[in-house]
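Engineer: Coordinates in my_file33.txt, compact mmCIF, C-alpha atoms, are listed below.
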# COMPACT_ATOMS: atom_id res chain seq x y z
CA MET O 1 43.15 55.93 -121.11
CA LYS O 2 45.44 57.80 -118.77
CA LEU O 3 42.90 60.60 -118.32
CA ARG O 4 40.12 58.12 -117.43
CA ASN O 5 42.40 56.46 -114.90
CA ILE O 6 42.96 59.83 -113.22
CA LEU O 7 39.37 61.09 -113.38
CA LEU O 8 37.67 57.98 -111.95
CA PRO O 9 39.43 57.97 -108.56
CA LEU O 10 39.17 61.79 -108.37
CA ALA O 11 35.42 61.69 -108.95
CA LEU O 12 35.15 58.94 -106.34
CA ALA O 13 37.14 61.03 -103.85
CA LEU O 14 34.96 64.10 -104.46
CA THR O 15 31.77 62.06 -104.06
CA VAL O 16 32.99 60.65 -100.75
CA GLY O 17 34.08 64.08 -99.61
CA THR O 18 30.73 65.66 -100.49
CA ALA O 19 28.81 62.85 -98.79
CA MET O 20 30.87 63.34 -95.62
CA ALA O 21 30.28 67.08 -95.61
CA GLN O 22 26.49 66.90 -96.00
CA SER O 23 24.21 65.88 -93.14
CA GLY O 24 22.18 62.79 -93.83
CA THR O 25 18.50 61.98 -93.37
CA PRO O 26 17.25 58.96 -91.44
CA THR O 27 16.06 56.39 -93.97
CA GLY O 28 12.36 55.62 -93.57
CA THR O 29 11.58 58.96 -91.95
CA PRO O 30 8.77 60.91 -93.68
CA ALA O 31 9.99 63.88 -95.73
CA ALA O 32 8.07 66.42 -93.62
CA VAL O 33 9.71 65.06 -90.47
CA ALA O 34 13.13 64.77 -92.11
CA ALA O 35 12.99 68.51 -92.86
CA LYS O 36 13.16 69.15 -89.11
CA ILE O 37 16.05 66.77 -88.49
CA GLN O 38 19.72 67.72 -88.65
CA LEU O 39 21.38 64.33 -88.62
CA ARG O 40 25.15 64.07 -88.35
CA GLY O 41 26.46 60.90 -89.89
CA ASP O 42 24.55 57.66 -90.36
CA ALA O 43 21.07 57.09 -88.89
CA ASN O 44 22.09 53.49 -88.11
CA ASP O 45 18.54 52.19 -88.74
CA LEU O 46 16.93 54.71 -86.39
CA VAL O 47 13.71 56.14 -87.82
CA ILE O 48 11.64 59.12 -86.71
CA PRO O 49 8.12 58.16 -87.85
CA GLU O 50 6.29 61.07 -86.23
CA ILE O 51 6.73 64.50 -84.69
CA ARG O 52 3.88 66.18 -82.82
CA ILE O 53 3.87 69.97 -82.49
CA VAL O 54 1.49 72.01 -80.34
CA ARG O 55 1.46 75.56 -79.04
CA ARG O 56 0.49 75.44 -75.39
CA ASN O 57 0.19 78.59 -73.26
CA ASP O 58 2.09 80.62 -75.85
CA VAL O 59 5.10 78.28 -76.09
CA MET O 60 5.87 75.54 -78.62
CA VAL O 61 5.86 71.98 -77.35
CA VAL O 62 7.38 69.28 -79.56
CA GLN O 63 7.42 65.51 -79.16
CA ALA O 64 9.35 63.22 -81.50
CA ASP O 65 9.21 59.43 -81.65
CA MET O 66 12.52 57.68 -82.26
CA LYS O 67 12.17 54.10 -83.43
CA ASN O 68 14.99 51.57 -83.48
CA THR O 69 14.28 49.22 -86.38
CA THR O 70 17.00 46.74 -85.43
CA GLU O 71 17.45 44.23 -82.61
CA SER O 72 20.62 45.81 -81.24
CA ASN O 73 20.57 48.93 -79.06
CA ARG O 74 21.26 52.42 -80.35
CA THR O 75 22.63 55.43 -78.46
CA VAL O 76 21.18 58.72 -79.61
CA PHE O 77 22.68 62.12 -78.86
CA TYR O 78 20.16 64.88 -79.56
CA ARG O 79 19.09 68.40 -78.76
CA PHE O 80 16.38 70.76 -79.93
CA ARG O 81 17.30 74.03 -81.60
CA TRP O 82 14.56 76.66 -81.46
CA LEU O 83 14.16 79.25 -84.22
CA ASP O 84 12.22 82.51 -84.41
CA SER O 85 10.22 83.84 -87.39
CA SER O 86 13.40 85.08 -89.08
CA GLY O 87 15.09 81.69 -88.73
CA SER O 88 17.47 82.92 -86.01
CA GLN O 89 18.20 80.74 -83.04
CA VAL O 90 16.28 81.55 -79.87
CA GLY O 91 18.40 81.53 -76.70
CA ASP O 92 21.76 79.89 -76.16
CA GLY O 93 20.73 76.44 -77.33
CA GLU O 94 19.82 73.38 -75.32
CA SER O 95 22.24 70.95 -73.74
CA TRP O 96 22.97 67.70 -75.56
CA LYS O 97 21.14 64.65 -74.25
CA GLN O 98 22.12 61.00 -74.42
CA MET O 99 19.43 58.35 -74.76
CA THR O 100 19.49 54.61 -75.29
CA VAL O 101 16.88 53.15 -77.63
CA LEU O 102 16.65 49.39 -77.12
CA GLY O 103 16.12 47.00 -80.02
CA HIS O 104 12.72 47.55 -81.70
CA GLN O 105 11.83 50.16 -79.09
CA ILE O 106 10.21 53.53 -79.66
CA GLN O 107 11.38 56.32 -77.36
CA THR O 108 9.66 59.70 -77.27
CA VAL O 109 11.68 62.85 -76.71
CA LYS O 110 10.04 66.09 -75.72
CA SER O 111 11.07 69.69 -75.48
CA VAL O 112 9.42 73.01 -74.72
CA ALA O 113 10.59 76.29 -76.24
CA LEU O 114 11.77 78.59 -73.49
CA HIS O 115 10.48 81.72 -75.23
CA SER O 116 7.25 82.54 -77.03
CA SER O 117 9.21 83.94 -80.00
CA ALA O 118 10.14 80.38 -81.04
CA VAL O 119 8.00 79.36 -84.01
CA ASP O 120 10.14 76.62 -85.58
CA PHE O 121 12.69 74.05 -84.50
CA ARG O 122 15.30 71.54 -85.59
CA ILE O 123 16.42 68.36 -83.87
CA GLU O 124 20.19 67.96 -84.05
CA MET O 125 21.18 64.35 -83.57
CA ASN O 126 23.63 61.56 -84.22
CA VAL O 127 23.21 57.84 -83.66
CA GLU O 128 25.82 55.43 -82.34
CA THR O 129 25.69 51.65 -82.49
CA GLN O 130 26.40 49.88 -79.21
CA MET L 1 49.26 49.44 -115.93
CA THR L 2 49.16 48.94 -112.18
CA GLN L 3 51.47 51.90 -111.77
CA GLN L 4 49.18 53.98 -114.00
CA PHE L 5 46.25 53.22 -111.70
CA MET L 6 48.18 53.70 -108.45
CA ILE L 7 49.25 57.29 -109.18
CA PRO L 8 45.70 58.68 -109.51
CA VAL L 9 44.61 56.74 -106.40
CA LEU L 10 47.47 58.30 -104.46
CA LEU L 11 46.52 61.72 -105.82
CA ALA L 12 42.93 61.20 -104.72
CA SER L 13 44.04 60.11 -101.24
CA LEU L 14 46.20 63.21 -100.93
CA LEU L 15 43.22 65.36 -101.94
CA LEU L 16 41.03 63.77 -99.28
CA SER L 17 43.64 64.12 -96.55
CA ALA L 18 44.18 67.76 -97.50
CA CYS L 19 40.42 68.38 -97.13
CA ALA L 20 40.39 66.67 -93.73
CA THR L 21 43.31 68.70 -92.33
CA GLY L 22 41.50 72.03 -92.83
CA VAL L 23 42.74 75.49 -91.91
CA GLN L 24 44.60 76.53 -88.79
CA SER L 25 42.51 77.93 -85.93
CA PRO L 26 43.15 81.53 -84.77
CA VAL L 27 44.78 80.63 -81.46
CA VAL L 28 48.14 81.22 -79.80
CA ARG L 29 49.60 78.06 -78.30
CA PHE L 30 52.42 75.60 -78.65
CA ASP L 31 50.43 72.38 -78.60
CA ARG L 32 46.94 71.05 -77.95
CA GLN L 33 47.18 70.56 -74.18
CA VAL L 34 44.19 72.80 -73.47
CA ASN L 35 41.04 73.20 -75.52
CA TYR L 36 37.75 75.04 -75.10
CA GLY L 37 34.92 72.54 -75.34
CA ASP L 38 31.18 72.74 -75.89
CA ALA L 39 29.59 73.73 -72.55
CA LYS L 40 26.42 71.91 -73.63
CA SER L 41 28.12 68.57 -74.33
CA VAL L 42 27.10 65.40 -72.53
CA GLU L 43 29.57 65.06 -69.66
CA LEU L 44 30.46 61.42 -69.01
CA VAL L 45 33.64 61.74 -66.94
CA THR L 46 32.23 60.14 -63.76
CA ASN L 47 28.73 59.27 -62.60
CA GLU L 48 28.70 61.98 -59.95
CA PHE L 49 26.40 64.97 -60.35
CA GLY L 50 27.68 66.99 -63.31
CA SER L 51 27.01 69.85 -65.69
CA SER L 52 24.72 67.79 -67.95
CA ASP L 53 22.55 66.83 -64.96
CA LEU L 54 22.24 70.47 -63.95
CA GLN L 55 21.34 71.54 -67.47
CA MET L 56 18.81 68.73 -67.98
CA ILE L 57 17.09 69.48 -64.66
CA ALA L 58 16.85 73.19 -65.42
CA GLU L 59 15.50 72.63 -68.95
CA LYS L 60 12.88 70.13 -67.77
CA MET L 61 11.65 72.34 -64.92
CA VAL L 62 11.49 75.53 -66.97
CA GLY L 63 9.74 73.75 -69.85
CA SER L 64 7.19 72.24 -67.50
CA LEU L 65 6.53 75.58 -65.77
CA LEU L 66 6.03 77.46 -69.03
CA GLU L 67 3.88 74.72 -70.54
CA THR L 68 1.38 74.66 -67.67
CA GLY L 69 0.54 78.36 -68.02
CA ILE L 70 0.78 79.05 -64.30
CA PHE L 71 2.56 82.30 -65.12
CA GLN L 72 -0.54 83.92 -66.67
CA GLY L 73 -0.49 87.60 -65.65
CA ARG L 74 3.29 87.64 -64.99
CA PRO L 75 3.15 86.85 -61.26
CA THR L 76 5.96 87.42 -58.74
CA VAL L 77 8.00 84.45 -57.53
CA THR L 78 10.73 84.01 -54.95
CA ILE L 79 13.17 81.17 -54.44
CA SER L 80 13.06 79.56 -51.04
CA THR L 81 15.14 76.55 -50.05
CA VAL L 82 16.80 73.94 -52.26
CA LYS L 83 17.82 70.95 -50.17
CA ASN L 84 20.64 68.64 -51.18
CA LYS L 85 19.80 65.26 -49.66
CA THR L 86 22.45 63.36 -51.60
CA SER L 87 25.76 62.19 -50.13
CA GLU L 88 27.65 64.44 -52.57
CA TYR L 89 28.55 68.09 -52.22
CA ILE L 90 26.36 69.84 -54.78
CA ASP L 91 25.82 73.58 -55.07
CA THR L 92 22.03 73.50 -55.49
CA THR L 93 21.99 77.28 -55.88
CA ASN L 94 23.44 76.67 -59.33
CA VAL L 95 20.42 74.60 -60.35
CA MET L 96 18.02 77.27 -59.15
CA ASN L 97 20.08 80.01 -60.82
CA SER L 98 19.78 78.24 -64.16
CA ILE L 99 16.01 77.82 -63.69
CA GLN L 100 15.63 81.47 -62.65
CA THR L 101 17.74 82.73 -65.57
CA ALA L 102 15.67 80.86 -68.14
CA LEU L 103 12.39 81.97 -66.57
CA VAL L 104 13.46 85.63 -66.40
CA LYS L 105 14.57 85.45 -70.06
CA SER L 106 11.18 84.00 -71.01
CA GLY L 107 9.57 87.25 -69.82
CA LYS L 108 6.67 85.33 -68.27
CA VAL L 109 7.46 85.91 -64.62
CA ARG L 110 9.02 88.41 -62.20
CA PHE L 111 11.34 87.29 -59.41
CA THR L 112 11.61 89.06 -56.10
CA ARG L 113 14.71 88.95 -53.93
CA ALA L 114 15.29 85.60 -52.27
CA ILE L 115 16.06 85.45 -48.55
CA THR L 116 19.77 85.16 -49.32
CA GLU L 117 19.63 88.26 -51.54
CA MET L 118 17.57 90.40 -49.16
CA GLN L 119 20.38 91.85 -47.03
CA ALA L 120 22.04 93.46 -50.06
CA GLY L 121 18.71 95.09 -50.96
CA VAL L 122 18.13 96.37 -47.44
CA ASP L 123 21.68 97.76 -47.29
CA GLU L 124 21.13 99.70 -50.52
CA LEU L 125 17.79 101.11 -49.29
CA GLN L 126 19.41 102.22 -46.05
CA ARG L 127 22.32 103.80 -47.91
CA GLN L 128 19.95 105.79 -50.12
CA ASN L 129 17.62 106.88 -47.30
CA GLN L 130 19.91 107.28 -44.30
CA SER L 131 23.27 108.44 -45.61
CA GLY L 132 22.03 111.90 -46.60
CA LEU L 133 23.99 111.67 -49.84
CA TYR L 134 21.10 111.54 -52.30
CA LYS L 135 18.39 113.91 -53.55
CA ASN L 136 15.07 113.03 -51.90
CA LYS L 137 13.26 112.75 -55.23
CA THR L 138 15.66 110.12 -56.53
CA THR L 139 15.85 107.77 -53.55
CA ALA L 140 14.07 104.45 -53.57
CA LYS L 141 11.37 104.51 -50.89
CA VAL L 142 11.31 102.03 -48.06
CA GLY L 143 8.27 99.78 -47.86
CA GLN L 144 7.58 99.69 -51.58
CA MET L 145 8.89 96.19 -52.40
CA THR L 146 6.55 93.81 -54.17
CA ALA L 147 5.93 90.62 -52.27
CA ALA L 148 6.05 87.26 -54.02
CA LYS L 149 2.83 85.49 -54.90
CA TYR L 150 4.61 82.15 -55.28
CA SER L 151 7.54 80.53 -53.52
CA MET L 152 9.72 77.82 -55.11
CA GLU L 153 11.15 74.98 -53.06
CA GLY L 154 13.40 72.25 -54.40
CA GLU L 155 14.96 69.03 -53.24
CA LEU L 156 17.63 66.77 -54.72
CA THR L 157 17.90 63.16 -53.58
CA SER L 158 19.94 60.19 -54.74
CA ILE L 159 19.95 56.41 -54.47
CA VAL L 160 23.36 54.79 -54.98
CA LYS L 161 23.85 51.07 -55.55
CA GLN L 162 27.06 49.31 -56.45
CA ASN L 163 28.69 45.92 -56.69
CA ASN L 164 32.14 44.81 -57.82
CA SER L 165 31.65 45.84 -61.41
CA THR L 166 28.81 48.35 -61.61
CA LYS L 167 27.82 51.58 -59.90
CA ASP L 168 24.31 52.88 -60.38
CA VAL L 169 23.25 56.35 -59.26
CA PHE L 170 19.65 57.51 -59.41
CA TYR L 171 19.03 61.22 -58.91
CA LYS L 172 15.64 62.79 -58.39
CA PHE L 173 15.07 66.54 -58.38
CA THR L 174 11.68 67.71 -57.13
CA LEU L 175 10.51 71.28 -57.49
CA LYS L 176 7.35 72.69 -55.91
CA MET L 177 5.69 76.06 -56.27
CA PHE L 178 3.60 77.19 -53.32
CA ASP L 179 1.01 79.93 -53.23
CA VAL L 180 2.46 81.98 -50.35
CA GLU L 181 -0.88 83.32 -49.10
CA GLU L 182 -2.87 80.12 -49.32
CA GLY L 183 -0.01 77.68 -48.61
CA THR L 184 -1.15 75.40 -51.40
CA ILE L 185 1.04 73.65 -53.98
CA GLU L 186 0.11 75.16 -57.33
CA TRP L 187 2.66 73.29 -59.45
CA GLN L 188 5.11 70.43 -58.93
CA ASP L 189 7.37 68.38 -61.18
CA GLU L 190 10.27 65.94 -60.99
CA LYS L 191 13.30 65.10 -63.07
CA GLU L 192 14.79 61.63 -62.74
CA ILE L 193 18.31 60.82 -63.91
CA ARG L 194 19.97 57.40 -63.96
CA LYS L 195 23.73 57.12 -64.42
CA THR L 196 25.46 53.76 -64.56
CA SER L 197 29.19 53.16 -64.76
CA LYS L 198 31.22 49.98 -65.09
CA ARG L 199 34.67 49.49 -63.59
With the file now loaded, output its structure as structure tokens.

Structural biologist:
Amino acid sequence: MKLRNILLPLALALTVGTAMAQSGTPTGTPAAVAAKIQLRGDANDLVIPEIRIVRRNDVMVVQADMKNTTESNRTVFYRFRWLDSSGSQVGDGESWKQMTVLGHQIQTVKSVALHSSAVDFRIEMNVETQ
Amino acid sequence: MTQQFMIPVLLASLLLSACATGVQSPVVRFDRQVNYGDAKSVELVTNEFGSSDLQMIAEKMVGSLLETGIFQGRPTVTISTVKNKTSEYIDTTNVMNSIQTALVKSGKVRFTRAITEMQAGVDELQRQNQSGLYKNKTTAKVGQMTAAKYSMEGELTSIVKQNNSTKDVFYKFTLKMFDVEEGTIEWQDEKEIRKTSKR
């Protein structure tokens, strides 16, 4: 009885700790898209339904749609991280951007790789409620 | 029974707080008065022109230039004027430096000396050719510079509106690339930024 009383809260604490340490995935975002997203914290009902990738004039061009599924506004902080064929980061990394997504609005973010060695990318982001 | 339950809960809380505290950083200081921050963070101190605006402008312009493919054949480019038409003091050279740095690192274009950089180049050529200090074979020859095919010209403007509670600043950076020989605009793009603050 005593052992169960000790183990239950400990297991709960470890679960919470693990959940806090891992980055989440926006609920409702397709798995293929989610693989490119590095979300910090809760998605707060923001979904990324589609990402479009093209290689134009030897550089990667990526567009991502960010959809707010609620009526209240969301503030998104995001940046693209470009990776080469070995998975290493290309360049110094982009600056963080702030964007407001109004209720039920879809905003498209775009970025162009600044070097032709970029073959993959990740979108680092976190979502704040307003 | 309550006491039996409380002890493990306290233990668990202690465990969590221990995880949150983490290890000490390898720094020498007495307190946390000064910290190094992320240079790429979104700067929201005031709504005047800031580091995030500079970075966003540079990224948009470089991305647009590379995407269009105007740099096929690695042409030569020079930076001409960058006008600051806002009411603020802004070092526009910084914006162009960031654009130039990213373009040079892309390997798609070659930059020639800008007008402001030319005197240093001329001085070095004269030193090598006229001082009599150097071996003839090793001196850089006069009249061998490569001229720029394209010239970049930029302009930063702003519209400021405010009332008792709100200040709205709209910045617009326009960058044009001229073909020097033909005088035609071969590429042009804009970056618009809106910053609103409440008192």

Engineer: Could you work out how far CA of Val101 (chain O) lies from CA of Ala43 (chain O), giving the answer in Å with one decimal?

Structural biologist: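 Taking CA of Ala43 (chain O) and CA of Val101 (chain O), their separation equals 12.6 Å.
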
Engineer: Can you find the residues with an atom no farther than 10 Å from (-1.2, 86.9, -57.9), counting all atoms listed in the file, and report them as a ChimeraX atom specification?

Structural biologist: /L:71-77,147-150,179-181

Engineer: Could you give me, as a count of residues only, the residues within 12 Å of Ser72 (chain O), counting only C-alpha atoms and dropping anything in the same chain fewer than 6 positions from it?

Structural biologist: 12

Engineer: Write out as a list in words which residues come within 8 Å of Tyr78 (chain O) when counting all atoms listed in the file, dropping same-chain ones fewer than 6 positions away.

Structural biologist: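 These residues fall inside the cut-off: Trp96, Lys97, Gln98, Ile123, Glu124, Met125 and Asn126 of chain O.
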
Engineer: Excluding Val33 (chain O) and its own-chain neighbours fewer than 3 positions away, which residues fall within 12 Å of it when counting all atoms listed in the file? Please give them as a list of chain:residue names.

Structural biologist: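 Listing them by chain and then by number gives O:Thr25, O:Pro26, O:Thr27, O:Gly28, O:Thr29, O:Pro30, O:Lys36, O:Ile37, O:Gln38, O:Leu39, O:Val47, O:Ile48, O:Pro49, O:Glu50, O:Ile51, O:Arg52, O:Ile53, O:Val62, O:Gln63, O:Ala64, O:Asp65, O:Met66, O:Phe121, O:Arg122, O:Ile123.
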
Engineer: For CA of Gln24 (chain L) and CA of Ser41 (chain L), quote the distance in Å rounded to one decimal.

Structural biologist: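 Between CA of Gln24 (chain L) and CA of Ser41 (chain L) the gap is 23.3 Å.
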
Engineer: For each of L:Ile185, L:Val169, L:Ile99, L:Val45, take the minimum atom-to-atom distance to chain O, counting all atoms listed in the file, then give the residue where this is smallest.

Structural biologist: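 Closest residue, counting all atoms listed in the file: L:Ile99.
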
Engineer: In Å, rounded to a single decimal, give me how far CA of Gln89 (chain O) is from CA of Ile106 (chain O).

Structural biologist: 28.6 Å

Engineer: Pull the neighbourhood of (23.5, 78.7, -72.8) for me: all residues within 10 Å in file coordinates, counting all atoms listed in the file, as a PDB file with C-alpha atoms, in the coordinates of the input.

Structural biologist:
ATOM      1  CA  GLY O  91      18.400  81.530 -76.700  1.00  0.00           C
ATOM      2  CA  ASP O  92      21.760  79.890 -76.160  1.00  0.00           C
ATOM      3  CA  GLY O  93      20.730  76.440 -77.330  1.00  0.00           C
ATOM      4  CA  GLU O  94      19.820  73.380 -75.320  1.00  0.00           C
ATOM      5  CA  SER O  95      22.240  70.950 -73.740  1.00  0.00           C
TER       6      SER O  95
ATOM      7  CA  ALA L  39      29.590  73.730 -72.550  1.00  0.00           C
ATOM      8  CA  LYS L  40      26.420  71.910 -73.630  1.00  0.00           C
ATOM      9  CA  GLN L  55      21.340  71.540 -67.470  1.00  0.00           C
ATOM     10  CA  SER L  98      19.780  78.240 -64.160  1.00  0.00           C
ATOM     11  CA  ALA L 102      15.670  80.860 -68.140  1.00  0.00           C
TER      12      ALA L 102
END

Engineer: Can you sort out region 92-105 of chain O so it carries N, CA, C and O atoms, written as a JSON list (two decimals), keeping the file's coordinate frame?

Structural biologist:
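Result file result.json:
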[["chain", "number", "residue", "atom", "x", "y", "z"],
["O", 92, "ASP", "N", 20.39, 80.38, -76.02],
["O", 92, "ASP", "CA", 21.76, 79.89, -76.16],
["O", 92, "ASP", "C", 21.84, 78.48, -76.74],
["O", 92, "ASP", "O", 22.92, 77.99, -77.02],
["O", 93, "GLY", "N", 20.72, 77.83, -76.86],
["O", 93, "GLY", "CA", 20.73, 76.44, -77.33],
["O", 93, "GLY", "C", 20.67, 75.48, -76.16],
["O", 93, "GLY", "O", 21.22, 75.75, -75.09],
["O", 94, "GLU", "N", 19.99, 74.38, -76.39],
["O", 94, "GLU", "CA", 19.82, 73.38, -75.32],
["O", 94, "GLU", "C", 21.10, 72.59, -75.11],
["O", 94, "GLU", "O", 21.99, 72.58, -75.97],
["O", 95, "SER", "N", 21.13, 71.88, -73.99],
["O", 95, "SER", "CA", 22.24, 70.95, -73.74],
["O", 95, "SER", "C", 22.01, 69.67, -74.55],
["O", 95, "SER", "O", 20.86, 69.32, -74.85],
["O", 96, "TRP", "N", 23.10, 68.98, -74.87],
["O", 96, "TRP", "CA", 22.97, 67.70, -75.56],
["O", 96, "TRP", "C", 22.47, 66.65, -74.59],
["O", 96, "TRP", "O", 22.83, 66.68, -73.41],
["O", 97, "LYS", "N", 21.63, 65.75, -75.08],
["O", 97, "LYS", "CA", 21.14, 64.65, -74.25],
["O", 97, "LYS", "C", 21.55, 63.32, -74.86],
["O", 97, "LYS", "O", 21.61, 63.20, -76.09],
["O", 98, "GLN", "N", 21.79, 62.37, -73.99],
["O", 98, "GLN", "CA", 22.12, 61.00, -74.42],
["O", 98, "GLN", "C", 20.94, 60.11, -74.08],
["O", 98, "GLN", "O", 20.38, 60.20, -72.98],
["O", 99, "MET", "N", 20.56, 59.24, -75.02],
["O", 99, "MET", "CA", 19.43, 58.35, -74.76],
["O", 99, "MET", "C", 19.68, 57.00, -75.42],
["O", 99, "MET", "O", 20.15, 56.95, -76.56],
["O", 100, "THR", "N", 19.37, 55.94, -74.70],
["O", 100, "THR", "CA", 19.49, 54.61, -75.29],
["O", 100, "THR", "C", 18.13, 54.18, -75.82],
["O", 100, "THR", "O", 17.11, 54.29, -75.13],
["O", 101, "VAL", "N", 18.11, 53.71, -77.06],
["O", 101, "VAL", "CA", 16.88, 53.15, -77.63],
["O", 101, "VAL", "C", 17.14, 51.66, -77.82],
["O", 101, "VAL", "O", 17.98, 51.27, -78.63],
["O", 102, "LEU", "N", 16.45, 50.85, -77.05],
["O", 102, "LEU", "CA", 16.65, 49.39, -77.12],
["O", 102, "LEU", "C", 16.16, 48.85, -78.46],
["O", 102, "LEU", "O", 15.43, 49.53, -79.19],
["O", 103, "GLY", "N", 16.53, 47.62, -78.76],
["O", 103, "GLY", "CA", 16.12, 47.00, -80.02],
["O", 103, "GLY", "C", 14.62, 46.99, -80.20],
["O", 103, "GLY", "O", 13.89, 46.60, -79.28],
["O", 104, "HIS", "N", 14.15, 47.48, -81.34],
["O", 104, "HIS", "CA", 12.72, 47.55, -81.70],
["O", 104, "HIS", "C", 11.90, 48.39, -80.72],
["O", 104, "HIS", "O", 10.69, 48.20, -80.60],
["O", 105, "GLN", "N", 12.54, 49.30, -80.04],
["O", 105, "GLN", "CA", 11.83, 50.16, -79.09],
["O", 105, "GLN", "C", 11.55, 51.52, -79.72],
["O", 105, "GLN", "O", 12.29, 51.97, -80.60]]
